[in-house]
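> Sending over a structure as structure tokens; questions will come in a sec.
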Amino acid sequence: MPQRPRAMSGAEHPKDDALLRVITDALPVGIAYVDQDKIYRFANQRFAAAYGVSPAEILGKHADDFIWRDAMVLGDPFFEAAYHGQAVDFTHPARHADGRLLTVRTFLRPDFTADGAVLGFYVCSINMTS
């Protein structure tokens, strides 16, 4: 079985981390990683901008610390499903930090250990507003 990538380490491979940041910031999607305690361990520029903050301001924060309450109420059942090992896709309204009302498609993918435990999940959100 291939070894699971070491998520969000920072110190071991700074060049790899810098490349990951360049790639994810260039993509037209919001990308994040949330651990089992709802702490954000990674966020790209687009994901952070939706909440009016920088990626550095999200790292290490609990979801409740920066995601609007109405968004958390809507997202909590999907988060729980991801924490239970389910891949989840859902479309939802979202208010951008600049005030725009968007239609967003979000994909949550669990992050499993080699023995099947869920460590957290990956987030990919795409603006579907026409």
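As shown in the structure tokens, the chain order sets the letters A, B, ...; within each chain, residues go from 1, and ligands are also counted from 1 in the order they appear.
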Neighbouring residues of Gly99 in chain A were defined as those with any atom within 12 Å, considering only C-alpha atoms; residues of the same chain fewer than 3 positions away were excluded. Please report them as a list of chain:residue names.

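Returned residues: A:Ala49, A:Ala50, A:Tyr51, A:Gly52, A:Ala94, A:Arg95, A:His96, A:Leu102.
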
> Chain A: which residues are strand (DSSP E or B) by DSSP, as a PyMOL selection string?

chain A and resi 30-35+39-43+62+88-95+101-112+118-127

> Find the residue from A:Ala87, A:Ala26, A:Ala63, A:Val53 that sits nearest to Val118 in chain A; use only C-alpha atoms when measuring.

A:Ala87

> Please identify the helix (DSSP H, G or I) residues within range 26-86 of chain A (assignment by DSSP from backbone atoms) and present them as a PyMOL selection string.

chain A and resi 26+45-50+55-58+63-65+69-83

> Can you write just those residues out, N, CA, C and O atoms, as a compact mmCIF listing (two decimals), in the first residue's frame?


```txt
# COMPACT_ATOMS: atom_id res chain seq x y z
N ALA A 26 -3.32 28.94 -7.83
CA ALA A 26 -3.58 29.21 -9.25
C ALA A 26 -4.90 28.60 -9.73
O ALA A 26 -5.42 29.02 -10.76
N GLN A 45 -5.68 30.45 -1.36
CA GLN A 45 -6.06 31.86 -1.41
C GLN A 45 -7.54 32.04 -1.70
O GLN A 45 -8.22 32.85 -1.08
N ARG A 46 -8.07 31.32 -2.67
CA ARG A 46 -9.47 31.48 -3.06
C ARG A 46 -10.41 31.09 -1.92
O ARG A 46 -11.41 31.75 -1.67
N PHE A 47 -10.09 30.01 -1.21
CA PHE A 47 -10.92 29.59 -0.08
C PHE A 47 -10.93 30.68 0.99
O PHE A 47 -11.98 31.09 1.48
N ALA A 48 -9.76 31.17 1.34
CA ALA A 48 -9.65 32.20 2.38
C ALA A 48 -10.35 33.49 1.96
O ALA A 48 -11.04 34.13 2.78
N ALA A 49 -10.20 33.90 0.71
CA ALA A 49 -10.79 35.14 0.23
C ALA A 49 -12.31 35.13 0.35
O ALA A 49 -12.93 36.18 0.59
N ALA A 50 -12.92 33.97 0.22
CA ALA A 50 -14.37 33.87 0.36
C ALA A 50 -14.83 34.31 1.75
O ALA A 50 -15.97 34.75 1.92
N PRO A 55 -5.00 33.00 3.82
CA PRO A 55 -4.79 31.61 4.25
C PRO A 55 -4.11 31.52 5.62
O PRO A 55 -4.49 30.69 6.44
N ALA A 56 -3.15 32.38 5.88
CA ALA A 56 -2.45 32.35 7.17
C ALA A 56 -3.39 32.62 8.34
O ALA A 56 -3.19 32.09 9.44
N GLU A 57 -4.43 33.41 8.09
CA GLU A 57 -5.39 33.72 9.16
C GLU A 57 -6.33 32.55 9.46
O GLU A 57 -6.96 32.54 10.52
N ILE A 58 -6.42 31.59 8.55
CA ILE A 58 -7.28 30.43 8.75
C ILE A 58 -6.53 29.29 9.45
O ILE A 58 -7.11 28.58 10.27
N ALA A 63 -13.36 25.88 12.64
CA ALA A 63 -14.32 26.36 11.63
C ALA A 63 -15.24 27.43 12.20
O ALA A 63 -15.56 28.41 11.52
N ASP A 64 -15.68 27.26 13.44
CA ASP A 64 -16.60 28.23 14.05
C ASP A 64 -15.98 29.61 14.24
O ASP A 64 -16.69 30.59 14.46
N ASP A 65 -14.64 29.71 14.17
CA ASP A 65 -13.96 30.97 14.39
C ASP A 65 -13.99 31.91 13.18
O ASP A 65 -13.74 33.11 13.34
N ARG A 69 -22.06 31.59 10.85
CA ARG A 69 -22.92 30.62 11.55
C ARG A 69 -23.93 29.96 10.62
O ARG A 69 -24.13 28.76 10.70
N ASP A 70 -24.58 30.73 9.75
CA ASP A 70 -25.56 30.11 8.85
C ASP A 70 -24.91 29.11 7.91
O ASP A 70 -25.50 28.07 7.58
N ALA A 71 -23.68 29.38 7.51
CA ALA A 71 -22.96 28.43 6.66
C ALA A 71 -22.61 27.17 7.43
O ALA A 71 -22.67 26.06 6.90
N MET A 72 -22.25 27.32 8.71
CA MET A 72 -21.93 26.15 9.53
C MET A 72 -23.16 25.29 9.77
O MET A 72 -23.09 24.07 9.73
N VAL A 73 -24.30 25.93 10.00
CA VAL A 73 -25.53 25.16 10.21
C VAL A 73 -25.84 24.34 8.97
O VAL A 73 -26.18 23.16 9.05
N LEU A 74 -25.69 24.95 7.80
CA LEU A 74 -25.93 24.24 6.55
C LEU A 74 -24.89 23.14 6.33
O LEU A 74 -25.23 22.04 5.90
N GLY A 75 -23.63 23.42 6.65
CA GLY A 75 -22.55 22.48 6.34
C GLY A 75 -22.33 21.38 7.35
O GLY A 75 -21.77 20.33 7.02
N ASP A 76 -22.76 21.57 8.61
CA ASP A 76 -22.48 20.59 9.66
C ASP A 76 -22.88 19.15 9.32
O ASP A 76 -22.09 18.23 9.54
N PRO A 77 -24.07 18.89 8.77
CA PRO A 77 -24.41 17.50 8.45
C PRO A 77 -23.45 16.88 7.41
O PRO A 77 -23.13 15.69 7.49
N PHE A 78 -22.97 17.69 6.49
CA PHE A 78 -22.04 17.21 5.48
C PHE A 78 -20.66 16.96 6.10
O PHE A 78 -19.99 15.99 5.77
N PHE A 79 -20.24 17.86 7.00
CA PHE A 79 -18.98 17.66 7.72
C PHE A 79 -19.04 16.34 8.49
O PHE A 79 -18.11 15.55 8.48
N GLU A 80 -20.15 16.12 9.19
CA GLU A 80 -20.29 14.90 10.00
C GLU A 80 -20.21 13.65 9.11
O GLU A 80 -19.59 12.65 9.49
N ALA A 81 -20.84 13.70 7.95
CA ALA A 81 -20.77 12.56 7.03
C ALA A 81 -19.33 12.30 6.60
O ALA A 81 -18.88 11.15 6.56
N ALA A 82 -18.58 13.37 6.30
CA ALA A 82 -17.17 13.22 5.92
C ALA A 82 -16.36 12.65 7.07
O ALA A 82 -15.50 11.79 6.87
N TYR A 83 -16.65 13.09 8.29
CA TYR A 83 -15.94 12.55 9.46
C TYR A 83 -16.25 11.08 9.69
O TYR A 83 -15.49 10.38 10.35
```

> Quick one: distance from CA of Asp17 in chain A to CA of Gly60 in chain A in Å, one decimal?

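Spanning CA of Asp17 in chain A to CA of Gly60 in chain A is a straight-line distance of 16.4 Å.
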
> Which residues come within 10 Å of Thr91 in chain A, counting only C-alpha atoms, excluding same-chain residues fewer than 2 positions away, as a list in words?

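Here the answer would be Asp89, Pro93, Ala94, Thr103, Val104, Arg105, Thr106, Phe107, Ser125, Ile126, Asn127 and Met128 of chain A.
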
> So which one's closest to Gln36 in chain A, A:Phe90, A:Ala114, A:Gly120, A:His62? Using only C-alpha atoms, please.

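Of A:Phe90, A:Ala114, A:Gly120, A:His62, the one nearest Gln36 in chain A, counting only C-alpha atoms, is A:Gly120.
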